$ cat entry-v2.txt   # compact mmCIF, C-alpha atoms
# COMPACT_ATOMS: atom_id res chain seq x y z
CA MET A 1248 12.71 109.40 0.14
CA ILE A 1249 9.30 108.00 1.06
CA LYS A 1250 9.61 105.15 -1.44
CA LYS A 1251 13.14 104.42 -0.22
CA SER A 1252 11.94 104.29 3.40
CA ILE A 1253 9.15 101.89 2.45
CA VAL A 1254 11.65 99.57 0.73
CA ILE A 1255 13.91 99.63 3.80
CA MET A 1256 10.98 98.87 6.10
CA LEU A 1257 9.88 95.98 3.91
CA PHE A 1258 13.42 94.61 3.90
CA LEU A 1259 13.70 94.85 7.65
CA GLY A 1260 10.32 93.21 8.07
CA LEU A 1261 11.38 90.24 6.00
CA SER A 1262 14.72 89.94 7.75
CA LEU A 1263 13.00 89.81 11.13
CA TRP A 1264 10.81 86.81 10.11
CA PRO A 1265 11.68 84.08 12.66
CA LEU A 1266 14.08 81.34 11.60
CA GLY A 1267 12.16 78.28 10.44
CA CYS A 1268 9.01 80.23 9.59
CA THR A 1269 7.34 80.12 6.19
CA GLN A 1270 4.49 82.04 4.62
CA VAL A 1271 1.32 79.93 4.81
CA ASN A 1272 -1.21 79.67 2.01
CA PRO A 1273 -4.45 78.32 3.53
CA SER A 1274 -5.22 76.48 0.28
CA GLU A 1275 -1.96 74.53 0.35
CA GLU A 1276 -1.76 70.98 1.66
CA ILE A 1277 0.11 70.21 4.85
CA LEU A 1278 3.17 68.21 3.90
CA ILE A 1279 4.90 65.46 5.90
CA GLY A 1280 7.95 63.70 4.49
CA VAL A 1281 8.34 59.93 4.84
CA ALA A 1282 11.75 58.25 4.46
CA TRP A 1283 11.63 54.45 4.30
CA PRO A 1284 12.97 51.52 2.26
CA PHE A 1285 9.66 51.25 0.42
CA ALA A 1286 11.00 48.75 -2.13
CA SER A 1287 11.98 46.26 0.59
CA PRO A 1288 9.85 43.15 1.27
CA ASP A 1289 6.28 44.23 1.90
CA ASP A 1290 5.78 45.19 5.54
CA LEU A 1291 2.47 47.05 4.92
CA PHE A 1292 4.00 50.19 6.41
CA GLU A 1293 2.91 52.35 3.48
CA GLU A 1294 -0.62 51.00 3.71
CA GLY A 1295 -0.80 52.07 7.36
CA LEU A 1296 0.36 55.57 6.43
CA ASP A 1297 -2.14 55.92 3.60
CA LEU A 1298 -5.07 54.74 5.71
CA ALA A 1299 -4.27 57.36 8.36
CA VAL A 1300 -4.03 60.15 5.77
CA GLN A 1301 -7.32 59.11 4.16
CA GLU A 1302 -9.14 59.12 7.50
CA ILE A 1303 -7.67 62.48 8.55
CA ASN A 1304 -8.63 64.13 5.26
CA ASP A 1305 -12.11 62.57 5.31
CA GLN A 1306 -12.58 64.20 8.73
CA GLY A 1307 -11.63 67.68 7.51
CA GLY A 1308 -7.84 67.55 7.51
CA ILE A 1309 -5.60 69.59 9.80
CA GLN A 1310 -6.61 73.17 10.59
CA GLY A 1311 -8.94 72.91 7.61
CA ARG A 1312 -6.19 71.84 5.20
CA LYS A 1313 -5.59 68.50 3.52
CA LEU A 1314 -2.67 66.35 4.65
CA SER A 1315 -0.25 64.99 2.06
CA LEU A 1316 2.81 62.74 2.31
CA LEU A 1317 6.02 63.16 0.32
CA LYS A 1318 7.51 59.66 0.20
CA ALA A 1319 11.17 58.93 -0.51
CA ASP A 1320 12.83 55.50 -0.68
CA ASP A 1321 16.12 55.57 1.22
CA GLU A 1322 16.76 51.96 0.08
CA ALA A 1323 18.17 51.17 3.55
CA GLU A 1324 21.43 52.82 2.45
CA LEU A 1325 23.21 55.42 4.56
CA GLU A 1326 24.22 57.74 1.71
CA LYS A 1327 20.73 57.80 0.20
CA GLY A 1328 19.16 58.17 3.61
CA LEU A 1329 21.24 61.24 4.43
CA ALA A 1330 20.54 62.72 0.99
CA THR A 1331 16.82 62.21 1.60
CA ALA A 1332 17.09 63.84 5.02
CA GLN A 1333 18.83 66.88 3.54
CA SER A 1334 16.25 67.19 0.78
CA PHE A 1335 13.45 67.16 3.36
CA ALA A 1336 15.28 69.71 5.52
CA ASP A 1337 15.69 72.00 2.50
CA HIS A 1338 12.03 71.71 1.47
CA LYS A 1339 10.31 74.99 2.36
CA GLY A 1340 6.87 73.45 2.76
CA MET A 1341 7.83 70.53 4.97
CA GLN A 1342 6.14 70.42 8.39
CA ALA A 1343 7.62 67.18 9.83
CA VAL A 1344 9.19 63.86 8.87
CA ILE A 1345 8.39 60.20 9.53
CA GLY A 1346 11.38 57.85 9.27
CA HIS A 1347 13.76 56.22 8.94
CA ARG A 1348 13.41 52.47 9.43
CA ASN A 1349 17.07 51.64 10.09
CA SER A 1350 18.83 53.02 13.16
CA PHE A 1351 22.14 53.35 11.32
CA ILE A 1352 20.43 55.90 9.05
CA SER A 1353 18.12 57.53 11.61
CA ILE A 1354 20.93 58.37 14.01
CA PRO A 1355 23.05 60.54 11.65
CA ALA A 1356 19.94 61.83 9.82
CA SER A 1357 18.52 63.06 13.13
CA SER A 1358 21.25 65.71 13.28
CA ILE A 1359 20.11 67.11 9.93
CA TYR A 1360 16.47 67.29 11.02
CA ASP A 1361 17.28 68.81 14.39
CA GLN A 1362 19.46 71.54 12.88
CA ALA A 1363 16.64 72.36 10.46
CA GLY A 1364 14.11 72.54 13.31
CA LEU A 1365 12.09 69.79 11.68
CA ALA A 1366 10.36 67.22 13.90
CA MET A 1367 11.34 63.65 13.04
CA VAL A 1368 9.30 60.70 14.32
CA SER A 1369 10.75 57.24 13.75
CA PRO A 1370 8.26 54.36 13.86
CA ALA A 1371 10.99 51.74 13.64
CA SER A 1372 14.46 52.82 14.86
CA THR A 1373 14.90 51.28 18.30
CA SER A 1374 18.60 51.95 18.99
CA PRO A 1375 18.93 53.82 22.31
CA GLU A 1376 21.54 56.09 20.69
CA LEU A 1377 18.88 57.84 18.60
CA THR A 1378 17.68 59.93 21.53
CA GLN A 1379 20.99 60.36 23.38
CA HIS A 1380 22.22 63.53 21.63
CA GLU A 1381 20.03 66.08 23.46
CA TYR A 1382 18.21 66.98 20.25
CA THR A 1383 14.86 68.69 20.69
CA HIS A 1384 13.19 67.64 17.42
CA VAL A 1385 13.89 63.88 17.37
CA PHE A 1386 11.31 61.30 18.50
CA ARG A 1387 10.35 57.66 18.16
CA ASN A 1388 6.80 56.39 18.64
CA ILE A 1389 7.89 52.91 19.70
CA PRO A 1390 9.85 51.65 22.70
CA SER A 1391 13.64 51.72 22.51
CA ASP A 1392 15.73 48.57 22.52
CA ALA A 1393 16.58 49.35 26.13
CA GLU A 1394 12.94 49.04 27.20
CA ILE A 1395 12.34 45.96 25.05
CA ALA A 1396 15.44 44.33 26.54
CA ARG A 1397 14.35 45.26 30.07
CA GLN A 1398 10.93 43.65 29.69
CA LEU A 1399 12.39 40.52 28.10
CA ALA A 1400 14.98 40.18 30.87
CA ILE A 1401 12.29 40.46 33.54
CA TYR A 1402 10.15 37.81 31.86
CA LEU A 1403 13.05 35.41 31.27
CA ALA A 1404 14.18 35.73 34.89
CA GLU A 1405 10.61 34.99 36.02
CA GLN A 1406 10.74 31.85 33.86
CA GLY A 1407 13.82 30.67 35.76
CA HIS A 1408 16.65 31.56 33.34
CA GLU A 1409 20.00 32.05 35.03
CA ARG A 1410 22.77 31.61 32.43
CA MET A 1411 22.33 32.86 28.87
CA VAL A 1412 24.27 33.50 25.65
CA ILE A 1413 23.93 36.56 23.38
CA TYR A 1414 24.22 36.39 19.59
CA TYR A 1415 24.48 39.89 18.12
CA THR A 1416 25.36 41.96 15.06
CA ASP A 1417 28.29 44.34 15.37
CA ASP A 1418 26.33 47.46 14.39
CA SER A 1419 24.26 50.16 16.10
CA TYR A 1420 21.19 47.94 16.35
CA GLY A 1421 22.93 44.76 17.47
CA ASN A 1422 25.31 46.36 19.94
CA GLY A 1423 22.62 48.58 21.46
CA LEU A 1424 20.19 45.72 21.98
CA ALA A 1425 22.85 43.27 23.19
CA ASN A 1426 24.31 45.73 25.67
CA ALA A 1427 20.90 46.67 27.02
CA PHE A 1428 19.90 43.04 27.46
CA GLU A 1429 23.16 42.16 29.22
CA ASP A 1430 22.71 45.06 31.64
CA TYR A 1431 19.07 44.31 32.45
CA ALA A 1432 19.65 40.55 32.57
CA GLY A 1433 22.38 41.12 35.14
CA ALA A 1434 20.01 43.24 37.21
CA GLN A 1435 17.58 40.30 37.18
CA GLY A 1436 20.23 37.79 38.27
CA ILE A 1437 20.90 36.31 34.81
CA THR A 1438 24.58 35.74 33.99
CA ILE A 1439 25.68 36.17 30.36
CA VAL A 1440 28.16 33.31 29.90
CA ASP A 1441 29.15 34.19 26.32
CA ARG A 1442 28.63 36.77 23.55
CA PHE A 1443 29.39 36.08 19.89
CA ASN A 1444 28.67 37.75 16.55
CA TYR A 1445 29.99 35.18 14.08
CA TYR A 1446 30.22 31.48 13.31
CA SER A 1447 31.59 30.06 10.09
CA ASN A 1448 29.51 26.91 9.62
CA LEU A 1449 27.44 24.29 11.42
CA GLU A 1450 30.54 22.60 12.81
CA ASP A 1451 31.66 25.89 14.31
CA LEU A 1452 28.23 26.47 15.85
CA GLU A 1453 28.23 22.93 17.23
CA ARG A 1454 31.60 23.60 18.85
CA LEU A 1455 30.21 26.77 20.43
CA HIS A 1456 27.20 24.79 21.67
CA ASP A 1457 29.48 22.31 23.39
CA LYS A 1458 31.23 25.20 25.16
CA TRP A 1459 27.93 26.74 26.28
CA GLN A 1460 26.75 23.41 27.63
CA ALA A 1461 29.89 23.25 29.74
CA PHE A 1462 28.90 26.68 31.10
CA GLY A 1463 25.44 25.37 31.94
CA PHE A 1464 23.60 27.82 29.68
CA ASP A 1465 19.80 27.80 29.50
CA GLY A 1466 18.91 30.12 26.61
CA ILE A 1467 20.09 32.43 23.82
CA PHE A 1468 19.16 36.06 23.26
CA ILE A 1469 19.36 37.11 19.59
CA ALA A 1470 20.29 40.77 18.99
CA LYS A 1471 20.26 40.44 15.23
CA ILE A 1472 17.71 41.43 12.59
CA ALA A 1473 15.77 38.38 11.45
CA ALA A 1474 16.00 39.21 7.74
CA GLU A 1475 19.74 39.86 7.93
CA GLY A 1476 21.01 36.48 9.05
CA GLY A 1477 18.98 35.98 12.18
CA ALA A 1478 16.53 33.57 10.60
CA GLN A 1479 19.41 31.49 9.24
CA PHE A 1480 20.85 31.25 12.74
CA LEU A 1481 17.50 30.02 13.99
CA MET A 1482 17.54 27.14 11.52
CA ASP A 1483 21.23 26.42 12.11
CA ALA A 1484 20.70 26.32 15.87
CA ARG A 1485 18.01 23.68 15.54
CA ALA A 1486 20.17 21.77 13.03
CA VAL A 1487 22.91 21.31 15.66
CA ASN A 1488 20.34 20.33 18.31
CA ILE A 1489 20.28 23.55 20.28
CA GLU A 1490 16.99 23.02 22.08
CA GLU A 1491 17.33 25.75 24.71
CA PRO A 1492 14.79 28.63 24.46
CA LEU A 1493 15.56 31.53 22.12
CA ALA A 1494 14.47 35.16 22.55
CA ALA A 1495 14.71 38.15 20.22
CA GLY A 1496 13.71 41.78 19.71
CA ASN A 1497 11.10 43.47 17.56
CA SER A 1498 12.75 42.75 14.19
CA TRP A 1499 11.36 39.23 14.58
CA ASP A 1500 7.78 40.42 14.81
CA SER A 1501 6.72 38.88 11.51
CA LEU A 1502 5.20 35.48 10.96
CA SER A 1503 6.38 35.61 7.35
CA LEU A 1504 9.94 35.49 8.70
CA THR A 1505 9.38 33.03 11.50
CA GLY A 1506 7.10 30.98 9.26
CA ALA A 1507 9.85 30.67 6.65
CA THR A 1508 11.99 28.87 9.22
CA GLY A 1509 9.32 26.24 9.81
CA ALA A 1510 9.41 24.31 13.06
CA ALA A 1511 12.70 26.01 14.00
CA ALA A 1512 10.72 29.06 15.14
CA GLU A 1513 8.60 27.10 17.59
CA GLY A 1514 8.94 28.53 21.09
CA LEU A 1515 10.72 31.71 19.98
CA LEU A 1516 10.05 34.59 22.41
CA VAL A 1517 9.73 38.05 20.81
CA GLY A 1518 9.59 41.47 22.42
CA SER A 1519 7.61 43.92 20.32
CA PHE A 1520 4.93 46.63 20.42
CA PHE A 1521 1.71 45.68 18.66
CA ASN A 1522 -0.95 43.31 19.91
CA PRO A 1523 -3.91 42.98 17.51
CA GLN A 1524 -5.84 41.36 20.35
CA ARG A 1525 -5.66 44.57 22.40
CA PRO A 1526 -9.29 45.26 23.36
CA SER A 1527 -9.26 49.06 22.92
CA SER A 1528 -11.64 50.60 20.38
CA GLU A 1529 -8.73 52.42 18.71
CA THR A 1530 -6.94 49.14 17.99
CA GLN A 1531 -9.98 47.16 16.89
CA ASP A 1532 -11.37 49.98 14.72
CA PHE A 1533 -7.99 50.29 13.02
CA ILE A 1534 -7.78 46.56 12.34
CA GLU A 1535 -11.28 46.51 10.88
CA ALA A 1536 -10.63 49.54 8.67
CA PHE A 1537 -7.32 48.08 7.50
CA ARG A 1538 -8.92 44.75 6.63
CA GLN A 1539 -11.69 46.43 4.70
CA LYS A 1540 -9.28 48.57 2.69
CA TYR A 1541 -6.52 46.02 2.04
CA GLN A 1542 -8.20 42.61 2.58
CA GLN A 1543 -5.52 41.50 5.05
CA PRO A 1544 -4.61 42.11 8.69
CA PRO A 1545 -2.17 44.90 9.58
CA THR A 1546 1.43 44.26 10.55
CA SER A 1547 3.26 45.96 13.41
CA TYR A 1548 4.81 48.44 10.97
CA ALA A 1549 1.38 49.23 9.51
CA ALA A 1550 0.26 50.07 13.06
CA THR A 1551 3.30 52.18 13.96
CA GLY A 1552 3.10 54.07 10.66
CA TYR A 1553 -0.59 54.73 11.25
CA ASP A 1554 0.12 56.01 14.77
CA ALA A 1555 3.03 58.18 13.57
CA VAL A 1556 0.79 60.01 11.09
CA ASN A 1557 -1.94 60.54 13.68
CA LEU A 1558 0.47 61.70 16.38
CA LEU A 1559 1.88 64.33 14.04
CA ALA A 1560 -1.60 65.33 12.93
CA ALA A 1561 -2.62 65.86 16.56
CA ALA A 1562 0.48 67.98 17.20
CA LEU A 1563 0.06 69.96 13.96
CA GLU A 1564 -3.56 70.72 14.80
CA LYS A 1565 -2.33 72.95 17.64
CA SER A 1566 0.97 74.07 16.08
CA ASP A 1567 1.89 77.24 14.21
CA LEU A 1568 1.85 76.05 10.59
CA ALA A 1569 4.00 79.05 9.66
CA ASN A 1570 6.69 77.77 12.00
CA PRO A 1571 7.47 74.00 11.79
CA THR A 1572 9.82 74.27 14.77
CA THR A 1573 6.72 74.35 17.00
CA VAL A 1574 5.73 70.78 16.08
CA ALA A 1575 8.24 69.17 18.47
CA GLN A 1576 6.77 70.92 21.49
CA GLY A 1577 3.33 70.03 20.20
CA LEU A 1578 4.26 66.35 20.36
CA ARG A 1579 5.45 66.68 23.95
CA ASP A 1580 2.32 68.60 24.90
CA LEU A 1581 0.08 65.72 23.79
CA GLY A 1582 0.73 63.97 27.10
CA ALA A 1583 -0.75 60.46 27.32
CA TRP A 1584 -2.15 59.86 23.82
CA GLU A 1585 -4.10 56.73 22.90
CA GLY A 1586 -2.95 55.05 19.71
CA VAL A 1587 -3.53 51.69 18.08
CA ILE A 1588 -0.40 50.11 19.59
CA GLY A 1589 -0.97 51.53 23.06
CA VAL A 1590 -0.71 54.75 25.05
CA HIS A 1591 2.05 57.03 23.74
CA ARG A 1592 3.84 59.63 25.82
CA PHE A 1593 7.05 61.44 24.89
CA ASP A 1594 9.71 62.46 27.39
CA GLU A 1595 12.09 65.39 26.96
CA GLN A 1596 14.59 63.22 25.08
CA GLY A 1597 11.98 62.18 22.51
CA ASP A 1598 11.61 58.61 23.77
CA ASP A 1599 8.14 57.11 23.84
CA ILE A 1600 7.69 56.02 27.44
CA GLY A 1601 4.07 54.97 27.13
CA ASP A 1602 2.68 51.52 27.86
CA LEU A 1603 3.63 49.79 24.59
CA ILE A 1604 5.63 46.59 25.17
CA VAL A 1605 4.11 43.29 24.02
CA LEU A 1606 5.68 39.87 24.58
CA LYS A 1607 4.72 37.03 22.29
CA LYS A 1608 5.83 33.47 21.63
CA VAL A 1609 5.58 31.33 18.51
CA LYS A 1610 3.27 28.40 19.16
CA ASP A 1611 2.06 26.06 16.41
CA GLY A 1612 3.22 28.55 13.79
CA ARG A 1613 1.32 31.49 15.31
CA PHE A 1614 2.05 34.17 17.87
CA GLU A 1615 0.69 33.60 21.36
CA TYR A 1616 0.53 36.90 23.31
CA LEU A 1617 1.97 36.67 26.81
CA LYS A 1618 1.86 40.19 28.17
CA GLN A 1619 0.44 43.56 27.19
$ encode --input "entry-v2.txt" --output "C-alpha cells"
Amino acid sequence: MIKKSIVIMLFLGLSLWPLGCTQVNPSEEILIGVAWPFASPDDLFEEGLDLAVQEINDQGGIQGRKLSLLKADDEAELEKGLATAQSFADHKGMQAVIGHRNSFISIPASSIYDQAGLAMVSPASTSPELTQHEYTHVFRNIPSDAEIARQLAIYLAEQGHERMVIYYTDDSYGNGLANAFEDYAGAQGITIVDRFNYYSNLEDLERLHDKWQAFGFDGIFIAKIAAEGGAQFLMDARAVNIEEPLAAGNSWDSLSLTGATGAAAEGLLVGSFFNPQRPSSETQDFIEAFRQKYQQPPTSYAATGYDAVNLLAAALEKSDLANPTTVAQGLRDLGAWEGVIGVHRFDEQGDDIGDLIVLKKVKDGRFEYLKQ
C-alpha cells in the first residue's frame, strides 16, 4: 500500500506541473529558434544574430547558461514557414523564437506560437495585422507599417505634397502599408488621386502617367517590396519620364537594391529603422564590432537581428527558464530598452512603440539621413 501511495503521489505531482513548464538542467544551453529565409540574397541578418550570441556567451551567458540558436530556413514559403513554426512549438527545450521575415508567414505562424505559449519576436514583419489578434506572446522589435507610413506622410506634407498616387502589391504587406499611408496622408491634407497594383508594359505606365498628370499629382508612394518588382517599377517610371518624387517603406532600405537601379533611385525617400550615424554608444560599438568580425558594415537586418537576440536575452535573464510562457511578460517588463536601432518599448499588443523611425533619401548613390 505504501509503494502504491508513493506512485499515486508521484503521478499527481507530475500532472500538476504547470502547462508550458519543462524540467531545467543547469548544464543545458538556452535555446532560441530562428525562422528566416536564410538562403535568400545576403542581408547579413544571420551575422547580426551570431555576433549577439557570441557577445552574450562571452559575458557569461544567460543565468549562467550558454545561449544557442536553432536556425531553420522557411524559404519565404507559407507551408514551410508554418511547418517550421509547429516544429519550434513542439520542441520541449525551446525558450522563444525570432522570425519570420515575411508578414504573410508571420501572421498565421503567430497563432501557433501563441497557442504554445512561446514568445515570438519578428525583426522584419511590419504588417499591422501581426499584432491585431490580441495574442499575448507575439512581438515585433521594429515599427509597424502604420508608424512608418505615418512618419512618411508627415514629412511629405511638410515638403508641400498635396496629391499623390499609390502603387501597391495586393498582399498583406502591400495592402497594409498602402492603406496606412492613405489614411495618414489624408490626415495630413494629402489627397490620394489614384491607387494601382498592376501595369502591363511601358506604354501602359505612360498612359497612367498621363492620367495622373491630368489629376495634378506630385508624387508616388510605393507599397511594394523592392526585390519583388518594386525596383523594376522604379526603372520603368524613369523610363517614361516620371520625374515626380517617389517614396517607399523599409523593404527599400538596401543600397544593393537601389544601387542596382542606377540613377533611377536618385531622390527616393525611404522610411526605415536603422541609422548607422546614430551617435549612441550602443550603435557605434555594434558597428565597430560588426566591422571587425565581418569586414563590412552592418545592414538594417543585421541590426534588428542583433537587437532581437539581446532583447530576448534581457527578458530571459529575469524569466523562469522552466516556464517559457513567462518570457512574453519579461519583454513587456523591460520598459524603455536601449538597442542599436533605437529605444525599444513594447505595448500590450506586442508592437514596438519606441523611438525607432529613420527617414533617408538616396543622394549621389548613397543614403542621406533626414530624421532620427
$ closest_residue --input "entry-v2.txt" --among "A:Ser1528, A:Val1487, A:Ala1560, A:Leu1278" --to "Gly1307 (chain A)" --atoms "only C-alpha atoms"
A:Ala1560
$ closest_residue --input "entry-v2.txt" --among "A:Asp1532, A:Asp1392, A:Asp1602, A:Glu1276" --to "Thr1378 (chain A)" --atoms "all atoms listed in the file"
A:Asp1392
$ closest_atom_pairs --input "entry-v2.txt" --of "region 1518-1615 of chain A" --to "region 1349-1362 of chain A" --cutoff "12 Å" --atoms "only C-alpha atoms" --output "tab-separated table"
residue	atom	partner	partner_atom	distance
A:Pro1571	CA	A:Tyr1360	CA	11.3
A:Thr1572	CA	A:Asp1361	CA	9.3
A:Val1574	CA	A:Asp1361	CA	11.8
A:Ala1575	CA	A:Asp1361	CA	9.9
A:Gly1597	CA	A:Ser1357	CA	11.5
$ atom_distance --input "entry-v2.txt" --atom1 "CA of Glu1529 (chain A)" --atom2 "CA of Met1367 (chain A)"
23.7 Å
$ residues_around --input "entry-v2.txt" --residues "Ala1484 (chain A)" --least-positions-apart "3" --cutoff "12 Å" --atoms "only C-alpha atoms" --output "MDAnalysis selection string"
chainID A and resid 1414 1446 1448:1456 1466:1467 1469 1477:1481 1487:1493 1508 1510:1512
$ atom_distance --input "entry-v2.txt" --atom1 "CA of Glu1595 (chain A)" --atom2 "CA of Pro1375 (chain A)"
14.2 Å
$ closest_residue --input "entry-v2.txt" --among "A:Thr1530, A:Leu1365, A:Arg1348, A:Val1590" --to "Thr1573 (chain A)" --atoms "all atoms listed in the file"
A:Leu1365
$ closest_residue --input "entry-v2.txt" --among "A:Glu1293, A:Glu1324, A:Asp1594, A:Asp1500" --to "Leu1578 (chain A)" --atoms "all atoms listed in the file"
A:Asp1594
$ closest_residue --input "entry-v2.txt" --among "A:Ile1277, A:Ala1323, A:Ala1282, A:Val1385" --to "Phe1593 (chain A)" --atoms "all atoms listed in the file"
A:Val1385
$ atom_distance --input "entry-v2.txt" --atom1 "CA of Ser1447 (chain A)" --atom2 "CA of Arg1485 (chain A)"
16.0 Å
